[in-house]
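Participant: Contents of protein-v5.pdb (PDB, C-alpha atoms and all ligand atoms) are below:
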```pdb
ATOM      1  CA  MET A   1      16.287 -55.220  55.974
ATOM      2  CA  ASN A   2      18.732 -57.136  58.123
ATOM      3  CA  ASN A   3      22.195 -55.541  57.835
ATOM      4  CA  LYS A   4      23.656 -58.955  56.995
ATOM      5  CA  ASN A   5      21.612 -59.052  53.776
ATOM      6  CA  ILE A   6      22.847 -55.724  52.429
ATOM      7  CA  SER A   7      25.224 -56.171  49.514
ATOM      8  CA  ALA A   8      26.145 -54.155  46.447
ATOM      9  CA  LYS A   9      26.349 -57.519  44.638
ATOM     10  CA  LEU A  10      22.564 -57.696  44.534
ATOM     11  CA  ALA A  11      22.579 -54.894  41.934
ATOM     12  CA  GLY A  12      24.395 -57.178  39.459
ATOM     13  CA  GLU A  13      27.602 -56.279  37.644
ATOM     14  CA  VAL A  14      28.680 -53.876  34.956
ATOM     15  CA  SER A  15      31.705 -54.173  32.696
ATOM     16  CA  LEU A  16      34.304 -51.432  32.468
ATOM     17  CA  GLY A  17      35.981 -51.446  29.073
ATOM     18  CA  LYS A  18      35.461 -55.236  28.830
ATOM     19  CA  GLU A  19      38.479 -55.548  31.166
ATOM     20  CA  LEU A  20      37.031 -55.106  34.635
ATOM     21  CA  SER A  21      33.710 -55.919  36.200
ATOM     22  CA  VAL A  22      32.237 -54.230  39.278
ATOM     23  CA  ASN A  23      29.057 -54.412  41.328
ATOM     24  CA  ARG A  24      26.556 -51.937  39.925
ATOM     25  CA  LEU A  25      26.246 -49.876  43.101
ATOM     26  CA  GLY A  26      29.388 -47.943  43.916
ATOM     27  CA  PHE A  27      30.393 -45.268  46.403
ATOM     28  CA  GLY A  28      31.139 -41.589  45.731
ATOM     29  CA  ALA A  29      33.894 -40.339  48.043
ATOM     30  CA  MET A  30      33.456 -36.590  47.482
ATOM     31  CA  ARG A  31      31.385 -35.999  50.625
ATOM     32  CA  LEU A  32      34.081 -37.363  52.915
ATOM     33  CA  THR A  33      35.981 -34.058  52.862
ATOM     34  CA  GLY A  34      35.361 -30.847  54.782
ATOM     35  CA  GLU A  35      32.679 -28.303  53.935
ATOM     36  CA  GLY A  36      32.787 -26.902  50.397
ATOM     37  CA  ILE A  37      34.637 -30.127  49.386
ATOM     38  CA  TRP A  38      37.612 -28.483  51.051
ATOM     39  CA  GLY A  39      40.023 -29.635  53.722
ATOM     40  CA  PRO A  40      39.780 -32.583  56.099
ATOM     41  CA  PRO A  41      36.493 -34.025  57.330
ATOM     42  CA  LYS A  42      35.099 -32.842  60.668
ATOM     43  CA  ASP A  43      35.281 -36.437  61.911
ATOM     44  CA  LYS A  44      38.124 -38.363  60.276
ATOM     45  CA  LYS A  45      37.415 -41.590  62.162
ATOM     46  CA  ALA A  46      33.853 -41.577  60.838
ATOM     47  CA  ALA A  47      35.065 -40.969  57.261
ATOM     48  CA  LEU A  48      37.459 -43.940  57.463
ATOM     49  CA  ALA A  49      34.655 -46.074  58.938
ATOM     50  CA  VAL A  50      32.362 -45.258  55.989
ATOM     51  CA  LEU A  51      35.000 -46.436  53.500
ATOM     52  CA  ARG A  52      35.670 -49.656  55.418
ATOM     53  CA  ARG A  53      31.959 -50.379  55.778
ATOM     54  CA  ALA A  54      31.512 -49.893  52.017
ATOM     55  CA  ILE A  55      33.969 -52.734  51.403
ATOM     56  CA  GLU A  56      32.156 -54.958  53.928
ATOM     57  CA  LEU A  57      28.963 -54.304  51.968
ATOM     58  CA  GLU A  58      30.735 -55.563  48.824
ATOM     59  CA  VAL A  59      31.017 -52.180  47.185
ATOM     60  CA  ASN A  60      33.950 -52.623  44.801
ATOM     61  CA  PHE A  61      33.829 -49.354  42.866
ATOM     62  CA  ILE A  62      34.863 -46.115  44.591
ATOM     63  CA  ASP A  63      34.737 -42.785  42.782
ATOM     64  CA  THR A  64      37.042 -39.955  43.822
ATOM     65  CA  ALA A  65      39.094 -37.077  42.340
ATOM     66  CA  ASP A  66      42.322 -35.266  43.112
ATOM     67  CA  SER A  67      40.236 -32.086  43.521
ATOM     68  CA  TYR A  68      38.094 -33.432  46.413
ATOM     69  CA  GLY A  69      39.721 -31.725  49.351
ATOM     70  CA  PRO A  70      41.942 -31.263  47.261
ATOM     71  CA  HIS A  71      43.770 -34.581  47.812
ATOM     72  CA  VAL A  72      41.830 -35.351  51.021
ATOM     73  CA  SER A  73      39.440 -37.908  49.528
ATOM     74  CA  GLU A  74      42.257 -39.875  47.844
ATOM     75  CA  ASP A  75      44.368 -39.773  51.022
ATOM     76  CA  LEU A  76      41.462 -41.079  53.110
ATOM     77  CA  ILE A  77      40.827 -43.947  50.672
ATOM     78  CA  ALA A  78      44.468 -45.054  50.914
ATOM     79  CA  GLU A  79      44.515 -44.690  54.701
ATOM     80  CA  ALA A  80      41.308 -46.683  55.157
ATOM     81  CA  LEU A  81      41.782 -49.393  52.568
ATOM     82  CA  PHE A  82      45.427 -49.892  51.544
ATOM     83  CA  PRO A  83      46.496 -52.652  50.896
ATOM     84  CA  TYR A  84      43.387 -52.816  48.759
ATOM     85  CA  PRO A  85      41.097 -55.833  48.657
ATOM     86  CA  LYS A  86      41.197 -57.865  45.441
ATOM     87  CA  GLY A  87      38.765 -56.584  42.821
ATOM     88  CA  LEU A  88      38.406 -53.059  44.223
ATOM     89  CA  VAL A  89      38.365 -50.458  41.439
ATOM     90  CA  ILE A  90      39.274 -46.910  42.447
ATOM     91  CA  ALA A  91      38.228 -44.411  39.816
ATOM     92  CA  THR A  92      39.800 -40.998  40.159
ATOM     93  CA  LYS A  93      39.734 -37.846  38.032
ATOM     94  CA  GLY A  94      41.742 -34.812  37.052
ATOM     95  CA  GLY A  95      41.197 -31.541  35.251
ATOM     96  CA  TRP A  96      40.284 -29.016  37.956
ATOM     97  CA  ASN A  97      42.284 -26.720  40.202
ATOM     98  CA  ARG A  98      40.953 -25.781  43.643
ATOM     99  CA  PRO A  99      41.801 -22.247  44.763
ATOM    100  CA  GLY A 100      39.459 -22.461  47.799
ATOM    101  CA  PRO A 101      36.248 -23.912  49.310
ATOM    102  CA  ASN A 102      33.510 -24.324  46.673
ATOM    103  CA  GLN A 103      35.855 -22.947  44.005
ATOM    104  CA  TRP A 104      36.739 -25.003  40.946
ATOM    105  CA  THR A 105      38.852 -23.677  38.051
ATOM    106  CA  HIS A 106      39.497 -25.611  34.856
ATOM    107  CA  ASP A 107      42.897 -27.035  34.048
ATOM    108  CA  ALA A 108      42.988 -29.921  31.609
ATOM    109  CA  THR A 109      46.240 -28.891  29.964
ATOM    110  CA  PRO A 110      48.576 -31.787  29.147
ATOM    111  CA  ALA A 111      51.089 -30.572  31.766
ATOM    112  CA  HIS A 112      48.454 -30.393  34.503
ATOM    113  CA  LEU A 113      46.997 -33.832  33.648
ATOM    114  CA  ARG A 114      50.444 -35.448  33.662
ATOM    115  CA  ALA A 115      51.189 -33.985  37.090
ATOM    116  CA  ALA A 116      47.686 -34.860  38.343
ATOM    117  CA  VAL A 117      48.073 -38.538  37.401
ATOM    118  CA  GLU A 118      51.473 -38.696  39.172
ATOM    119  CA  GLY A 119      49.914 -37.118  42.275
ATOM    120  CA  SER A 120      46.956 -39.537  42.318
ATOM    121  CA  LEU A 121      49.244 -42.564  41.852
ATOM    122  CA  LYS A 122      51.288 -41.433  44.844
ATOM    123  CA  ARG A 123      48.372 -40.611  47.148
ATOM    124  CA  LEU A 124      46.477 -43.789  46.257
ATOM    125  CA  LYS A 125      49.704 -45.850  46.534
ATOM    126  CA  LEU A 126      49.094 -47.434  43.143
ATOM    127  CA  ASP A 127      51.362 -48.336  40.209
ATOM    128  CA  ARG A 128      48.450 -47.970  37.833
ATOM    129  CA  ILE A 129      45.038 -46.280  38.129
ATOM    130  CA  ASP A 130      42.272 -48.660  37.023
ATOM    131  CA  LEU A 131      39.926 -45.941  35.733
ATOM    132  CA  TYR A 132      41.019 -42.336  35.151
ATOM    133  CA  GLN A 133      38.364 -39.783  34.262
ATOM    134  CA  LEU A 134      38.845 -36.432  32.584
ATOM    135  CA  HIS A 135      36.834 -34.473  35.175
ATOM    136  CA  THR A 136      35.469 -32.023  32.634
ATOM    137  CA  PRO A 137      36.521 -30.625  29.250
ATOM    138  CA  ASP A 138      38.522 -27.412  29.627
ATOM    139  CA  PRO A 139      37.083 -24.633  27.440
ATOM    140  CA  VAL A 140      40.524 -23.164  26.706
ATOM    141  CA  VAL A 141      42.328 -26.442  25.970
ATOM    142  CA  PRO A 142      41.571 -28.424  22.786
ATOM    143  CA  PHE A 143      39.572 -31.436  23.944
ATOM    144  CA  GLU A 144      41.717 -33.763  21.804
ATOM    145  CA  ALA A 145      44.874 -32.517  23.571
ATOM    146  CA  SER A 146      43.476 -33.557  26.979
ATOM    147  CA  VAL A 147      42.350 -36.977  25.728
ATOM    148  CA  GLU A 148      45.606 -37.598  23.841
ATOM    149  CA  THR A 149      47.534 -36.899  27.050
ATOM    150  CA  LEU A 150      45.489 -39.507  28.924
ATOM    151  CA  ALA A 151      46.048 -41.954  26.041
ATOM    152  CA  GLU A 152      49.817 -41.365  26.348
ATOM    153  CA  LEU A 153      49.675 -42.007  30.089
ATOM    154  CA  ARG A 154      47.766 -45.204  29.370
ATOM    155  CA  ASN A 155      50.451 -46.288  26.913
ATOM    156  CA  GLN A 156      53.012 -45.637  29.646
ATOM    157  CA  GLY A 157      51.090 -48.055  31.920
ATOM    158  CA  LYS A 158      49.978 -45.397  34.443
ATOM    159  CA  ILE A 159      46.272 -45.718  33.614
ATOM    160  CA  ARG A 160      44.369 -48.884  32.756
ATOM    161  CA  LEU A 161      41.091 -47.465  31.427
ATOM    162  CA  ILE A 162      40.174 -43.923  30.328
ATOM    163  CA  ALA A 163      36.844 -42.272  31.070
ATOM    164  CA  LEU A 164      35.087 -38.916  30.683
ATOM    165  CA  SER A 165      32.903 -36.741  32.874
ATOM    166  CA  ASN A 166      30.532 -33.856  32.160
ATOM    167  CA  VAL A 167      30.499 -34.454  28.415
ATOM    168  CA  THR A 168      28.159 -34.494  25.449
ATOM    169  CA  ARG A 169      27.785 -37.314  22.940
ATOM    170  CA  GLU A 170      29.984 -35.334  20.556
ATOM    171  CA  HIS A 171      32.804 -35.316  23.127
ATOM    172  CA  ILE A 172      32.504 -39.073  23.591
ATOM    173  CA  GLU A 173      32.615 -39.683  19.848
ATOM    174  CA  ARG A 174      35.663 -37.427  19.436
ATOM    175  CA  ALA A 175      37.447 -39.132  22.334
ATOM    176  CA  ARG A 176      36.692 -42.628  21.018
ATOM    177  CA  LYS A 177      38.546 -41.773  17.811
ATOM    178  CA  ILE A 178      41.669 -41.468  19.994
ATOM    179  CA  VAL A 179      41.243 -44.125  22.674
ATOM    180  CA  PRO A 180      38.548 -46.512  24.008
ATOM    181  CA  ILE A 181      36.294 -44.857  26.599
ATOM    182  CA  ALA A 182      35.220 -47.135  29.476
ATOM    183  CA  SER A 183      32.711 -44.894  31.266
ATOM    184  CA  VAL A 184      30.982 -41.526  31.255
ATOM    185  CA  GLN A 185      30.022 -39.658  34.426
ATOM    186  CA  ASN A 186      27.332 -36.959  34.101
ATOM    187  CA  ARG A 187      24.696 -35.483  36.450
ATOM    188  CA  TYR A 188      21.597 -37.679  36.212
ATOM    189  CA  SER A 189      18.623 -38.955  38.188
ATOM    190  CA  PHE A 190      14.982 -39.874  37.477
ATOM    191  CA  ALA A 191      14.106 -36.190  37.879
ATOM    192  CA  ASP A 192      17.112 -34.807  36.042
ATOM    193  CA  ARG A 193      17.273 -36.273  32.559
ATOM    194  CA  GLU A 194      19.205 -33.818  30.452
ATOM    195  CA  TRP A 195      21.614 -36.633  29.603
ATOM    196  CA  ASP A 196      19.069 -39.316  28.673
ATOM    197  CA  TYR A 197      20.501 -39.428  25.152
ATOM    198  CA  VAL A 198      24.012 -39.943  26.520
ATOM    199  CA  VAL A 199      22.763 -42.857  28.676
ATOM    200  CA  ASP A 200      21.231 -44.405  25.534
ATOM    201  CA  TYR A 201      24.444 -43.853  23.579
ATOM    202  CA  CYS A 202      26.511 -45.455  26.358
ATOM    203  CA  GLN A 203      24.209 -48.461  26.573
ATOM    204  CA  LYS A 204      24.401 -48.972  22.798
ATOM    205  CA  ASN A 205      28.187 -48.806  22.873
ATOM    206  CA  GLY A 206      28.929 -50.841  26.026
ATOM    207  CA  ILE A 207      30.145 -47.807  27.995
ATOM    208  CA  ALA A 208      29.276 -47.653  31.712
ATOM    209  CA  PHE A 209      27.245 -44.568  32.732
ATOM    210  CA  ILE A 210      27.970 -43.176  36.197
ATOM    211  CA  PRO A 211      25.280 -40.742  37.359
ATOM    212  CA  TRP A 212      26.462 -38.074  39.787
ATOM    213  CA  PHE A 213      24.028 -36.387  42.162
ATOM    214  CA  PRO A 214      21.935 -39.591  41.874
ATOM    215  CA  LEU A 215      19.815 -38.733  44.901
ATOM    216  CA  GLY A 216      18.830 -35.211  43.850
ATOM    217  CA  ALA A 217      15.121 -34.359  43.738
ATOM    218  CA  GLY A 218      13.101 -31.143  43.719
ATOM    219  CA  LYS A 219       9.663 -30.552  45.284
ATOM    220  CA  VAL A 220       7.459 -32.293  42.670
ATOM    221  CA  ALA A 221       9.935 -35.155  42.304
ATOM    222  CA  GLY A 222      10.095 -35.438  46.089
ATOM    223  CA  ASP A 223       6.314 -35.865  46.316
ATOM    224  CA  VAL A 224       6.232 -38.677  43.727
ATOM    225  CA  LEU A 225       9.251 -40.290  45.352
ATOM    226  CA  ASN A 226       7.728 -40.187  48.837
ATOM    227  CA  GLU A 227       4.497 -41.734  47.615
ATOM    228  CA  THR A 228       6.299 -44.612  45.865
ATOM    229  CA  ALA A 229       8.581 -45.114  48.862
ATOM    230  CA  ARG A 230       5.637 -45.322  51.281
ATOM    231  CA  SER A 231       3.899 -47.981  49.204
ATOM    232  CA  LYS A 232       7.106 -50.036  48.890
ATOM    233  CA  HIS A 233       8.233 -49.714  52.517
ATOM    234  CA  ALA A 234      11.513 -48.375  51.189
ATOM    235  CA  SER A 235      13.135 -44.985  51.684
ATOM    236  CA  PRO A 236      12.846 -42.248  49.026
ATOM    237  CA  LYS A 237      16.624 -42.403  48.400
ATOM    238  CA  GLN A 238      16.389 -46.167  47.840
ATOM    239  CA  VAL A 239      13.601 -45.682  45.323
ATOM    240  CA  ALA A 240      15.659 -43.044  43.450
ATOM    241  CA  LEU A 241      18.575 -45.501  43.251
ATOM    242  CA  ALA A 242      16.334 -48.429  42.254
ATOM    243  CA  TRP A 243      14.999 -46.306  39.380
ATOM    244  CA  LEU A 244      18.535 -45.678  38.135
ATOM    245  CA  LEU A 245      19.490 -49.351  38.375
ATOM    246  CA  ARG A 246      16.474 -50.248  36.281
ATOM    247  CA  ARG A 247      17.001 -47.430  33.747
ATOM    248  CA  SER A 248      19.917 -49.186  32.040
ATOM    249  CA  PRO A 249      22.174 -52.219  32.551
ATOM    250  CA  VAL A 250      25.205 -49.918  32.079
ATOM    251  CA  MET A 251      24.100 -47.616  34.943
ATOM    252  CA  LEU A 252      26.548 -47.504  37.865
ATOM    253  CA  PRO A 253      25.236 -45.178  40.606
ATOM    254  CA  ILE A 254      27.756 -43.812  43.130
ATOM    255  CA  PRO A 255      25.686 -42.298  45.962
ATOM    256  CA  GLY A 256      27.893 -40.296  48.300
ATOM    257  CA  THR A 257      27.603 -39.963  52.041
ATOM    258  CA  SER A 258      29.657 -39.287  55.130
ATOM    259  CA  SER A 259      27.471 -41.530  57.293
ATOM    260  CA  VAL A 260      27.577 -45.314  57.778
ATOM    261  CA  GLU A 261      23.828 -45.326  58.356
ATOM    262  CA  HIS A 262      23.129 -43.597  55.025
ATOM    263  CA  LEU A 263      25.655 -45.850  53.280
ATOM    264  CA  GLU A 264      23.814 -48.960  54.494
ATOM    265  CA  GLU A 265      20.498 -47.494  53.404
ATOM    266  CA  ASN A 266      21.889 -46.661  49.948
ATOM    267  CA  VAL A 267      23.526 -50.049  49.359
ATOM    268  CA  ALA A 268      20.316 -51.786  50.456
ATOM    269  CA  ALA A 269      18.702 -50.184  47.382
ATOM    270  CA  ALA A 270      20.479 -52.899  45.360
ATOM    271  CA  SER A 271      17.641 -55.248  46.254
ATOM    272  CA  VAL A 272      14.723 -52.819  45.764
ATOM    273  CA  ARG A 273      12.802 -53.702  42.583
ATOM    274  CA  LEU A 274      10.273 -51.288  41.079
ATOM    275  CA  THR A 275       7.130 -52.405  39.254
ATOM    276  CA  ASN A 276       6.563 -51.080  35.702
ATOM    277  CA  GLU A 277       3.997 -48.610  37.053
ATOM    278  CA  GLU A 278       6.351 -47.313  39.740
ATOM    279  CA  TYR A 279       9.192 -46.956  37.233
ATOM    280  CA  ASP A 280       6.958 -45.127  34.743
ATOM    281  CA  SER A 281       5.468 -42.724  37.284
ATOM    282  CA  LEU A 282       8.969 -41.653  38.347
ATOM    283  CA  ALA A 283      10.103 -41.432  34.700
ATOM    284  CA  GLU A 284       7.265 -38.973  34.005
ATOM    285  CA  VAL A 285       8.407 -36.497  36.658
ATOM    286  CA  PRO A 286      10.353 -34.167  34.294
ATOM    287  CA  GLU A 287       7.198 -33.788  32.111
ATOM    288  CA  LEU A 288       5.091 -33.204  35.216
ATOM    289  CA  VAL A 289       7.476 -30.461  36.346
ATOM    290  CA  ALA A 290       7.485 -28.865  32.865
ATOM    291  CA  SER A 291       3.676 -28.788  32.719
ATOM    292  CA  ARG A 292       3.317 -26.779  35.954
TER     293      ARG A 292
HETATM  294  N1  LIG B 301      31.895 -35.715  37.928
HETATM  295  C1  LIG B 301      31.488 -34.678  38.605
HETATM  296  O1  LIG B 301      31.603 -33.528  38.167
HETATM  297  C2  LIG B 301      30.874 -34.898  39.954
HETATM  298  C3  LIG B 301      30.185 -33.858  40.593
HETATM  299  C4  LIG B 301      29.615 -34.121  41.828
HETATM  300  C5  LIG B 301      29.740 -35.382  42.404
HETATM  301  N2  LIG B 301      30.447 -36.366  41.762
HETATM  302  C6  LIG B 301      30.595 -37.723  42.335
HETATM  303  O2  LIG B 301      29.307 -38.245  42.546
HETATM  304  C7  LIG B 301      29.157 -38.673  43.895
HETATM  305  C8  LIG B 301      27.713 -38.490  44.307
HETATM  306  O3  LIG B 301      27.296 -37.164  44.083
HETATM  307  P1  LIG B 301      26.835 -36.169  45.228
HETATM  308  O4  LIG B 301      27.558 -36.479  46.486
HETATM  309  O5  LIG B 301      26.870 -34.808  44.668
HETATM  310  O6  LIG B 301      25.312 -36.490  45.343
HETATM  311  P2  LIG B 301      24.417 -37.574  46.073
HETATM  312  O7  LIG B 301      25.164 -38.829  46.274
HETATM  313  O8  LIG B 301      23.171 -37.612  45.267
HETATM  314  O9  LIG B 301      24.061 -36.870  47.437
HETATM  315  C9  LIG B 301      24.894 -36.766  48.498
HETATM  316  C10 LIG B 301      24.147 -35.997  49.599
HETATM  317  O10 LIG B 301      23.029 -36.748  50.009
HETATM  318  C11 LIG B 301      23.146 -37.068  51.404
HETATM  319  N3  LIG B 301      22.740 -38.485  51.529
HETATM  320  C12 LIG B 301      23.372 -39.561  51.013
HETATM  321  N4  LIG B 301      22.708 -40.689  51.322
HETATM  322  C13 LIG B 301      21.648 -40.309  52.069
HETATM  323  C14 LIG B 301      20.582 -41.018  52.703
HETATM  324  N5  LIG B 301      20.472 -42.330  52.603
HETATM  325  N6  LIG B 301      19.671 -40.288  53.384
HETATM  326  C15 LIG B 301      19.754 -38.946  53.473
HETATM  327  N7  LIG B 301      20.733 -38.216  52.899
HETATM  328  C16 LIG B 301      21.673 -38.889  52.208
HETATM  329  C17 LIG B 301      24.569 -36.829  51.785
HETATM  330  O11 LIG B 301      24.679 -36.326  53.095
HETATM  331  P3  LIG B 301      25.252 -37.228  54.310
HETATM  332  O12 LIG B 301      26.738 -37.149  54.201
HETATM  333  O13 LIG B 301      24.703 -36.554  55.503
HETATM  334  O14 LIG B 301      24.714 -38.605  54.114
HETATM  335  C18 LIG B 301      24.992 -35.750  50.798
HETATM  336  O15 LIG B 301      24.669 -34.482  51.291
HETATM  337  C19 LIG B 301      30.177 -37.828  44.660
HETATM  338  O16 LIG B 301      30.560 -38.420  45.871
HETATM  339  C20 LIG B 301      31.311 -37.760  43.670
HETATM  340  O17 LIG B 301      32.099 -38.951  43.787
HETATM  341  C21 LIG B 301      30.991 -36.133  40.546
END
```
As structure tokens, please, write out the structure in this file.

Facilitator:
Amino acid sequence: MNNKNISAKLAGEVSLGKELSVNRLGFGAMRLTGEGIWGPPKDKKAALAVLRRAIELEVNFIDTADSYGPHVSEDLIAEALFPYPKGLVIATKGGWNRPGPNQWTHDATPAHLRAAVEGSLKRLKLDRIDLYQLHTPDPVVPFEASVETLAELRNQGKIRLIALSNVTREHIERARKIVPIASVQNRYSFADREWDYVVDYCQKNGIAFIPWFPLGAGKVAGDVLNETARSKHASPKQVALAWLLRRSPVMLPIPGTSSVEHLEENVAAASVRLTNEEYDSLAEVPELVASR
């Protein structure tokens, strides 16, 4: 595909809390940090170039978190893109502490979340965060206490829309009794369908579903993917993304990369359309894996 024809717009749009609308292929900014999602990137210039290229390709939804780096991913977004283009939605998250590389420790206490939102506002140079996600429920903090804190921050005008990550349907239902939930972000791909029922619940209730690790595939999945990709003259990663886009109109994939070349390849998936047979053969992968 000619680079000029690559656009996230071709994936269509998804609504966030009936207030915002974004192109249905976003960008995950976790991989822009150093190894172990820790510290600065090896090549800062390249990381800034990826973010700027994403905007050129009409990506208008960027996912990040205070814990990526920590702080590095948010700082890079502000450095590359501030003042932000009109319509860009930056979705950040809070609820983890980072004692070191590859280490993540829960903290979704009200005090931590309040401080985390202040920190993200400052780093992202925003007066209000469009979409703030509870990164994960904290097993030692009542879930309602974390959600109520985000609702308070929303009432104070610091957050526009509230979202959840790494949750069950029960969590979403409990949270919705407190405040509207605009999106849910869980691990999901054609080969990894633990959260199928959450995708269905989100679709039924007009909640965007943001799959993380959208490009993941094991050996069996890889074989099916490669075969489909060969017959479509597309790349395996593009086929994995095209499957997600077709799975549900509320699906908002956020493939992450530190390379402009991979970014272009991923965004080009917005125009890859699968036939029914191709979609079904990929959908059957989890059963295929289970039967071996
Ligand atoms: N809510 C959560 O708990 C949670 C957890 C994990 C991630 N996330 C979010 O989800 C986003 C995506 O998840 P992820 O980064 O784990 O998984 P991913 O997007 O499925 O995979 C990223 C990996 O694939 C490689 N890659 C990307 N595009 C490629 C291409 N076209 N060809 C070959 N390799 C390619 C990247 O390496 P290169 O840099 O070399 O391209 C990177 O190693 C993250 O950025 C983050 O925003 C959220």

Participant: Please give me, as number ranges by chain, the residues lying within 6 Å of ligand LIG 301 (chain B) when counting only C-alpha atoms and all ligand atoms.

Facilitator: A: 28-31, 63-64, 135, 165, 185, 212-216, 237, 254-259, 262, 265-266

Participant: Between CA of Leu153 in chain A and CA of Gly95 in chain A, what distance in Å does the model show, to one decimal?

Facilitator: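 One can read the CA of Leu153 in chain A to CA of Gly95 in chain A distance as 14.4 Å.
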
Participant: Using CA of Ile62 in chain A and CA of Pro286 in chain A as the two end points, give the distance in Å to one decimal.

Facilitator: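 Result for CA of Ile62 in chain A versus CA of Pro286 in chain A: 29.1 Å, one decimal.
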
Participant: Given the choices A:Ile162, A:Ile37, A:Ala116, A:Ile181, which gets closest to Asn205 in chain A if the distance is worked out from all atoms listed in the file?

Facilitator: A:Ile181

Participant: Which of these residues is nearest to Gly218 in chain A, using only C-alpha atoms: A:Ser183, A:Val285, A:Asp196, A:Asn155?

Facilitator: A:Val285

Participant: For a cut-off of 6 Å around (28.5, -38.6, 29.9), file coordinates, pick out all residues using all atoms listed in the file and list them as a list in words.

Facilitator: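 Here is the list of nearby residues: Ser165, Asn166, Val167, Val184, Gln185, Asn186 and Val198 of chain A.
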
Participant: Determine the residue membership of the PyMOL selection byres (((chain A and resi 94) around 9) and not hetatm) for the file above and supply it as a PDB file with C-alpha atoms, in the coordinates of the input.

Facilitator:
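So the final result, stored in expr-v2.pdb, reads:
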```pdb
ATOM      1  CA  ALA A  65      39.094 -37.077  42.340  1.00  0.00           C
ATOM      2  CA  ASP A  66      42.322 -35.266  43.112  1.00  0.00           C
ATOM      3  CA  SER A  67      40.236 -32.086  43.521  1.00  0.00           C
ATOM      4  CA  THR A  92      39.800 -40.998  40.159  1.00  0.00           C
ATOM      5  CA  LYS A  93      39.734 -37.846  38.032  1.00  0.00           C
ATOM      6  CA  GLY A  95      41.197 -31.541  35.251  1.00  0.00           C
ATOM      7  CA  TRP A  96      40.284 -29.016  37.956  1.00  0.00           C
ATOM      8  CA  ASN A  97      42.284 -26.720  40.202  1.00  0.00           C
ATOM      9  CA  ASP A 107      42.897 -27.035  34.048  1.00  0.00           C
ATOM     10  CA  ALA A 108      42.988 -29.921  31.609  1.00  0.00           C
ATOM     11  CA  HIS A 112      48.454 -30.393  34.503  1.00  0.00           C
ATOM     12  CA  LEU A 113      46.997 -33.832  33.648  1.00  0.00           C
ATOM     13  CA  ALA A 116      47.686 -34.860  38.343  1.00  0.00           C
ATOM     14  CA  VAL A 117      48.073 -38.538  37.401  1.00  0.00           C
ATOM     15  CA  SER A 120      46.956 -39.537  42.318  1.00  0.00           C
ATOM     16  CA  TYR A 132      41.019 -42.336  35.151  1.00  0.00           C
ATOM     17  CA  GLN A 133      38.364 -39.783  34.262  1.00  0.00           C
ATOM     18  CA  LEU A 134      38.845 -36.432  32.584  1.00  0.00           C
ATOM     19  CA  HIS A 135      36.834 -34.473  35.175  1.00  0.00           C
ATOM     20  CA  THR A 136      35.469 -32.023  32.634  1.00  0.00           C
TER      21      THR A 136
END
```

Participant: Running the PyMOL selection byres (((chain A and resi 15) around 9) and not hetatm) on this model by hand, what would come out? Give it as a list in words.

Facilitator: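 Matching residues under the PyMOL selection byres (((chain A and resi 15) around 9) and not hetatm) are Glu13, Val14, Leu16, Gly17, Lys18, Glu19, Leu20, Ser21, Val22, Ala182, Gly206, Ile207, Ala208 and Val250 of chain A.
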
Participant: Need the axis-aligned box for range 118-134 of chain A with 4 Å each side, so what are the centre and edges in Å to one decimal, as lines of an AutoDock Vina configuration file?

Facilitator:
```
center_x = 44.9
center_y = -42.5
center_z = 39.9
size_x = 21.1
size_y = 20.2
size_z = 22.6
```

Participant: For CA of Ala115 in chain A and CA of Thr168 in chain A, quote the distance in Å rounded to one decimal.

Facilitator: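 Distance reported for this atom pair: 25.8 Å.
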
Participant: Kindly indicate which residue among A:Val267, A:Leu252, A:Val289, A:Ala111 lies nearest to Ile6 in chain A, using only C-alpha atoms for the distances.

Facilitator: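 Distance minimum relative to Ile6 in chain A lands on A:Val267.
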
Participant: With a distance cut-off of 10 Å and all atoms listed in the file, select the neighbouring residues of Trp243 in chain A, excluding the residue or stretch itself and same-chain residues fewer than 4 positions from it, and output the selection as a PDB file with C-alpha atoms, keeping the file's coordinate frame.

Facilitator:
```pdb
ATOM      1  CA  SER A 189      18.623 -38.955  38.188  1.00  0.00           C
ATOM      2  CA  PHE A 190      14.982 -39.874  37.477  1.00  0.00           C
ATOM      3  CA  PRO A 214      21.935 -39.591  41.874  1.00  0.00           C
ATOM      4  CA  LYS A 237      16.624 -42.403  48.400  1.00  0.00           C
ATOM      5  CA  GLN A 238      16.389 -46.167  47.840  1.00  0.00           C
ATOM      6  CA  VAL A 239      13.601 -45.682  45.323  1.00  0.00           C
ATOM      7  CA  ARG A 247      17.001 -47.430  33.747  1.00  0.00           C
ATOM      8  CA  SER A 248      19.917 -49.186  32.040  1.00  0.00           C
ATOM      9  CA  ALA A 269      18.702 -50.184  47.382  1.00  0.00           C
ATOM     10  CA  VAL A 272      14.723 -52.819  45.764  1.00  0.00           C
ATOM     11  CA  ARG A 273      12.802 -53.702  42.583  1.00  0.00           C
ATOM     12  CA  LEU A 274      10.273 -51.288  41.079  1.00  0.00           C
ATOM     13  CA  THR A 275       7.130 -52.405  39.254  1.00  0.00           C
ATOM     14  CA  GLU A 278       6.351 -47.313  39.740  1.00  0.00           C
ATOM     15  CA  TYR A 279       9.192 -46.956  37.233  1.00  0.00           C
ATOM     16  CA  ASP A 280       6.958 -45.127  34.743  1.00  0.00           C
ATOM     17  CA  LEU A 282       8.969 -41.653  38.347  1.00  0.00           C
ATOM     18  CA  ALA A 283      10.103 -41.432  34.700  1.00  0.00           C
TER      19      ALA A 283
END
```

Participant: Would you pick out the contacts of Leu245 in chain A at 9 Å or less, using all atoms listed in the file, so that residues sharing its chain but fewer than 5 positions from it are not included, and give the list as a VMD selection string?

Facilitator: chain A and resid 11 24 to 25 240 250 to 253 270
